[in-house]
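Participant: Once you've had a glance at the structure underneath, I'll fire off some questions.
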Amino acid sequence: MPRGPLGAGVKNFRKGDRVLISCITARGSCANCKRQLYSHCTDGGWILGHLIDGTEAEYVRIPHADNGLYPIPQGADEEALVMLSNILPTGFEIGVLTGQVKPGNTVAIVDAVATLMRMTDDAGVDVAIEAVGIPATFDVCQKVVAPGGHIANVGVHGKSVELHLETPWIQNVTLTTGLVNTNTTPLLLKTVHSGKLSPAQRITHRCAPDDILKAYAVFGNAAQEKALKAILAAA
Ligand SMILES: [Zn+2]
């Protein structure tokens with residue numbers, strides 16, 4: 001919540017308001033913002049924790065606060081809303097919406113190829129959501145997607161992947177990629193606050209700022225530690 005001085009340009013918030021910080025910064029007035037492509041705002045986009053310092057801190061400065069902050073409704077589960085800063089809009093926008101997940105579809109997030117093919121009687125899945133960002137999982141998606149299906153790349157890739165275009169082409173597969181725009185955050189905020197979605201179930205660990213290095217070690221070994229999401233809370 002804002003405890004320090006408010007910037008001169010901040011009109012929508014007052015000192016003491018409790019707020020959700022979006023991972024995407026948007027000034028709200030450029031051509032990309034006008035079409036809700038906030039991830040490519042010419043004076044923002046993905047800058048927190050990427051081009052400027054991130055928010056694992058007791059105090060942070062949020063550029064264009066009027067567009068990058070959302071008021072937290074009275075009585076809301078604040079831990080659940082932490083999921084709305086990045087991971088929930090990312091999965092929803094780039095996985096579900098861009099991947100065009102429809103009722104009745106089979107959807108795979110990432111698994112071993114053999115298991116997935118067995119589970120679908122060798123038919124493959126309608127939507128394969130790549131959620132890791134490494135060549136191996138992108139390759140799994142290419143192998144398990146069914147004809148007419150969709151590969152939705154959510155993961156943040158640090159190096160090139162091999163695209164076997166001869167296969168998705170002849171199988172009428174659509175490949176989509178994207179960086180979250182957070183344009184669905186207001187909708188998701190209402191959905192979580194009304195109790196229809198319970199993202200707090202994904203919280204597996206909690207730690208104090210002094211223990212942050214331990215938390216990184218745990219998440220470096222996420223499979224064994226059964227770690228999904230940690231809440232970093234100042235005392
Ligand atoms: Zn903009």
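Each chain in the structure tokens gets a letter, A, B and so on, in the order shown; residues start at 1 in every chain, and ligands are counted from 1 in the order they appear.
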Considering only C-alpha atoms, return as a list in words whatever protein or nucleic-acid residues lie within 6 Å of segment 104-113 of chain A, sequence-local ones (same chain, fewer than 2 positions apart) excluded.
Facilitator: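 Listed by chain and then number, they are Lys102, Thr115, Leu116, Val125, Asp126, Val127, Ala128, Ile129 and Val140 of chain A.
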Participant: Write out as a list in words each polymer residue (protein, DNA or RNA) that has an atom no more than 8 Å from ligand 1, with only C-alpha atoms and all ligand atoms counted.
Facilitator: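 Listed by chain and ascending number, the contacts are Ala26, Arg27, Gly28, Ser29, Cys30, Ala31, Asn32, Cys33, Lys34, Leu37, Tyr38, His40, Cys41, Thr42, Asp43, Gly44 and Gly45 of chain A.
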Participant: Next, the residues of the selection above should be written as a JSON list (two decimals), in the first residue's frame with C-alpha atoms.
Facilitator:
```json
[["chain", "number", "residue", "atom", "x", "y", "z"],
["A", 26, "ALA", "CA", 1.14, 1.44, -19.07],
["A", 27, "ARG", "CA", 0.82, 5.17, -19.51],
["A", 28, "GLY", "CA", -2.58, 4.57, -21.09],
["A", 29, "SER", "CA", -2.39, 7.05, -23.95],
["A", 30, "CYS", "CA", -0.16, 5.64, -26.73],
["A", 31, "ALA", "CA", -1.46, 3.79, -29.81],
["A", 32, "ASN", "CA", -0.68, 0.37, -28.29],
["A", 33, "CYS", "CA", -2.44, 1.24, -25.03],
["A", 34, "LYS", "CA", -5.50, 2.34, -27.02],
["A", 37, "LEU", "CA", -1.65, -3.95, -26.00],
["A", 38, "TYR", "CA", -0.32, -2.65, -22.70],
["A", 40, "HIS", "CA", 3.99, -2.75, -25.64],
["A", 41, "CYS", "CA", 3.15, 0.64, -24.21],
["A", 42, "THR", "CA", 5.76, 2.99, -25.70],
["A", 43, "ASP", "CA", 6.46, 4.34, -22.20],
["A", 44, "GLY", "CA", 6.02, 1.13, -20.21],
["A", 45, "GLY", "CA", 5.31, -2.53, -20.94]]
```
Participant: So the first atom is atom CA of Val144 of chain A and the second is atom CA of Gln224 of chain A; what is the distance between them in Å, to one decimal place?
Facilitator: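 Value for the atom CA of Val144 of chain A-atom CA of Gln224 of chain A distance: 25.4 Å.
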Participant: Would you mind writing down, as a PyMOL selection string, each residue of segment 48-139 of chain A that DSSP on the backbone assigns to strand (DSSP E)?
Facilitator: chain A and resi 69-71+107-108+125-130
Participant: Take the residues that were just selected and, keeping C-alpha atoms, output them as a PDB file, in the first residue's frame.
Facilitator:
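The result, written out as selection-v4.pdb:
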```
ATOM      1  CA  LEU A  69      -2.269  -0.121  -9.782  1.00  0.00           C
ATOM      2  CA  TYR A  70      -5.716  -1.492  -8.963  1.00  0.00           C
ATOM      3  CA  PRO A  71      -7.589  -0.664  -5.767  1.00  0.00           C
ATOM      4  CA  VAL A 107      -5.861 -29.091 -22.818  1.00  0.00           C
ATOM      5  CA  ALA A 108      -2.336 -30.048 -21.789  1.00  0.00           C
ATOM      6  CA  VAL A 125      -4.751 -32.504 -27.336  1.00  0.00           C
ATOM      7  CA  ASP A 126      -6.741 -29.595 -28.746  1.00  0.00           C
ATOM      8  CA  VAL A 127      -4.649 -26.993 -26.949  1.00  0.00           C
ATOM      9  CA  ALA A 128      -1.058 -27.514 -25.775  1.00  0.00           C
ATOM     10  CA  ILE A 129      -0.014 -24.719 -23.443  1.00  0.00           C
ATOM     11  CA  GLU A 130       3.765 -24.285 -23.204  1.00  0.00           C
TER      12      GLU A 130
END
```
Participant: For segment 162-167 of chain A, list every protein, DNA or RNA residue within 10 Å, evaluated using only C-alpha atoms, and leave out those in the same chain fewer than 4 positions away; present the list as an MDAnalysis selection string.
Facilitator: chainID A and resid 135:136 138:139 142:143 147 171:173
Participant: Any chance you can output those residues with N, CA and C atoms as a JSON list (two decimals), in the first residue's frame?
Facilitator:
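part.json, written as the output of this step:
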```json
[["chain", "number", "residue", "atom", "x", "y", "z"],
["A", 135, "PRO", "N", 13.38, -25.28, -24.66],
["A", 135, "PRO", "CA", 13.17, -26.02, -25.91],
["A", 135, "PRO", "C", 12.45, -27.36, -25.70],
["A", 136, "ALA", "N", 12.75, -28.07, -24.61],
["A", 136, "ALA", "CA", 12.17, -29.41, -24.42],
["A", 136, "ALA", "C", 10.65, -29.36, -24.30],
["A", 138, "PHE", "N", 8.64, -26.94, -25.38],
["A", 138, "PHE", "CA", 8.07, -26.48, -26.65],
["A", 138, "PHE", "C", 7.97, -27.68, -27.61],
["A", 139, "ASP", "N", 8.99, -28.52, -27.56],
["A", 139, "ASP", "CA", 9.00, -29.72, -28.40],
["A", 139, "ASP", "C", 7.87, -30.67, -28.02],
["A", 142, "GLN", "N", 4.70, -29.56, -29.60],
["A", 142, "GLN", "CA", 4.60, -29.88, -31.04],
["A", 142, "GLN", "C", 4.23, -31.34, -31.25],
["A", 143, "LYS", "N", 4.65, -32.19, -30.31],
["A", 143, "LYS", "CA", 4.39, -33.62, -30.48],
["A", 143, "LYS", "C", 2.99, -34.02, -30.03],
["A", 147, "PRO", "N", -4.37, -32.57, -34.79],
["A", 147, "PRO", "CA", -4.67, -31.81, -36.01],
["A", 147, "PRO", "C", -5.77, -30.78, -35.74],
["A", 171, "GLN", "N", -0.84, -30.24, -40.39],
["A", 171, "GLN", "CA", -1.88, -30.62, -39.43],
["A", 171, "GLN", "C", -2.79, -29.45, -39.05],
["A", 172, "ASN", "N", -2.70, -28.35, -39.75],
["A", 172, "ASN", "CA", -3.56, -27.19, -39.49],
["A", 172, "ASN", "C", -3.48, -26.71, -38.04],
["A", 173, "VAL", "N", -2.26, -26.71, -37.53],
["A", 173, "VAL", "CA", -2.06, -26.27, -36.14],
["A", 173, "VAL", "C", -1.77, -24.77, -36.12]]
```
Participant: Restricting the calculation to only C-alpha atoms, which member of A:Cys23, A:Leu232, A:Leu188, A:Ile72 is positioned closest to Leu51 of chain A?
Facilitator: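 For Leu51 of chain A, the nearest of the given residues is A:Cys23.
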Participant: List the neighbours of Glu78 of chain A out to 12 Å using only C-alpha atoms; skip same-chain residues closer than 5 positions along the sequence, and give me the result as JSON, numbers by chain.
Facilitator: {"A": [1, 18, 19, 20, 21, 71, 72, 73, 83, 84, 85, 189, 192, 193, 198, 199, 200, 231, 233]}
Participant: Given only C-alpha atoms as the basis, pick out the residue of A:Leu88, A:Val154, A:Ala222, A:Ala65 nearest to Gly133 of chain A.
Facilitator: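 Using only C-alpha atoms, the shortest distance to Gly133 of chain A belongs to A:Val154.
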Participant: To one decimal place in Å, what is the distance between atom CA of Asn221 of chain A and atom CA of Ala152 of chain A?
Facilitator: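 Atom CA of Asn221 of chain A sits 25.5 Å away from atom CA of Ala152 of chain A.
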Participant: So how many Å separate atom CA of Asn183 of chain A and atom CA of Thr90 of chain A, to one decimal?
Facilitator: 10.2 Å
Participant: Leaving out Ile203 of chain A and any residue of its chain fewer than 3 positions from it, which residues lie within 7 Å of it when counting only C-alpha atoms, given as a ChimeraX atom specification?
Facilitator: /A:200,228-230
